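Take a look at the structure below.
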Amino acid sequence: RASVSAPPPPAPAPDGIAVDPGHGGRVTNDPSQRWDPGVVSGGVMEKDITLDLALRLRALLQKEKVRVVLTRTSDQYVEISERWNRVHASGAQLFISLHVNAFDGDSSINGETIFYPKPESLAFAQAIDAGLAQRLRSYQIADDGVAQKPELWVHSDIPTATVEPAYLTNPRSGSPLR
């Protein structure tokens, strides 16, 4: 009689996910106040899109009883080091940084890409890519897959991914973001 091993139990849901809406801040009369709009196309700023996406993602994850921490909840500038400090202080087990892409000169370029900083984050990036690519297919947004980008989140010690779901400079793929 051959021994049959039981399938492993499903991995437990993460205790917490940190979500970083990339960029942020606004122009003020105070020159010491920093701001970073990210990509700007047709008056639409990446910082606004990423915050909107983060708030929507937080709501979806909270419906699934996942604890979510955002690195910013309003239009404020937050240094990269402070973003990472907030992630660490939260005790999150996973980290997602949200951005949108741009390509000046060719508005036909489109696609979603997931970047990860270290090999330990590859499985997390692939899982995000699989779900996002399926969801974005109906918008005819190409799946550009995952790519390692070690200069991103160099101090990450938890599974980390930077999500670029569309090109703001592409009229078709950027329009759902506007």
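The chains in the structure tokens are called A, B, ... from first to last as shown; in each chain the residues are counted from 1, and the ligands are counted from 1 in the order shown.
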Quick one: residues within 8 Å of Lys47 of chain A, only C-alpha atoms, excluding same-chain residues fewer than 2 positions away - as an mmCIF file with C-alpha atoms, in the first residue's frame?
```cif
data_model
loop_
_atom_site.group_PDB
_atom_site.id
_atom_site.type_symbol
_atom_site.label_atom_id
_atom_site.label_comp_id
_atom_site.auth_asym_id
_atom_site.auth_seq_id
_atom_site.Cartn_x
_atom_site.Cartn_y
_atom_site.Cartn_z
ATOM 1 C CA PRO A 21 0.685 55.069 -2.550
ATOM 2 C CA GLY A 22 3.737 56.308 -4.431
ATOM 3 C CA HIS A 23 4.698 59.989 -4.648
ATOM 4 C CA GLY A 24 2.607 62.707 -2.983
ATOM 5 C CA GLY A 25 2.436 66.225 -1.673
ATOM 6 C CA ASP A 36 6.578 64.678 -5.874
ATOM 7 C CA PRO A 37 3.754 64.421 -8.423
ATOM 8 C CA GLY A 38 5.243 61.395 -10.190
ATOM 9 C CA VAL A 39 4.095 61.024 -13.796
ATOM 10 C CA MET A 45 -0.832 63.239 -11.562
ATOM 11 C CA ILE A 49 -3.955 57.933 -8.858
ATOM 12 C CA THR A 50 -1.778 55.971 -6.448
ATOM 13 C CA LEU A 51 -3.596 57.358 -3.421
ATOM 14 C CA ASP A 75 -1.847 64.076 -0.365
#
```
What is the distance, in Å and to one decimal place, between atom CA of Gly91 of chain A and atom CA of Thr160 of chain A? 13.5 Å
Coordinates-based distance that separates atom CA of Thr113 of chain A from atom CA of Asp143 of chain A (Å, one decimal):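 It comes out at 6.8 Å.
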According to DSSP computed on the backbone, where in chain A is there alpha helix (DSSP H)? Give the residues as a PyMOL selection string. chain A and resi 46-63+80-90+122-136+171-174
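Considering the residues A:Ser74, A:Arg172, A:Ile114, A:His88 and counting only C-alpha atoms, Ser138 of chain A has its shortest atom-to-atom contact with A:Arg172.
As for atom CA of Thr71 of chain A and atom CA of Ala18 of chain A, they are spaced 7.2 Å apart.
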Would you please give, as a list in words, all residues of segment 31-159 of chain A that DSSP assigns to strand (DSSP E) based on the backbone?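 Secondary structure check on segment 31-159 of chain A, strand (DSSP E): Val40, Ser41, Val44, Met45, Arg67, Val68, Val69, Leu70, Leu94, Phe95, Ile96, Ser97, Leu98, Glu112, Thr113, Ile114, Phe115, Tyr116, Asp143, Asp144, Gly145, Val146, Ala147 and Gln148 of chain A.
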Shortest interatomic distance to Ser156 of chain A - which of A:Tyr77, A:Trp35, A:Phe95, A:Phe103, counting only C-alpha atoms: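 Smallest separation from Ser156 of chain A among the options: A:Phe95.
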Which of these, A:Ser81, A:Gln126, A:Gln134, A:Thr162, has the shortest distance to Pro150 of chain A once you count only C-alpha atoms? A:Thr162
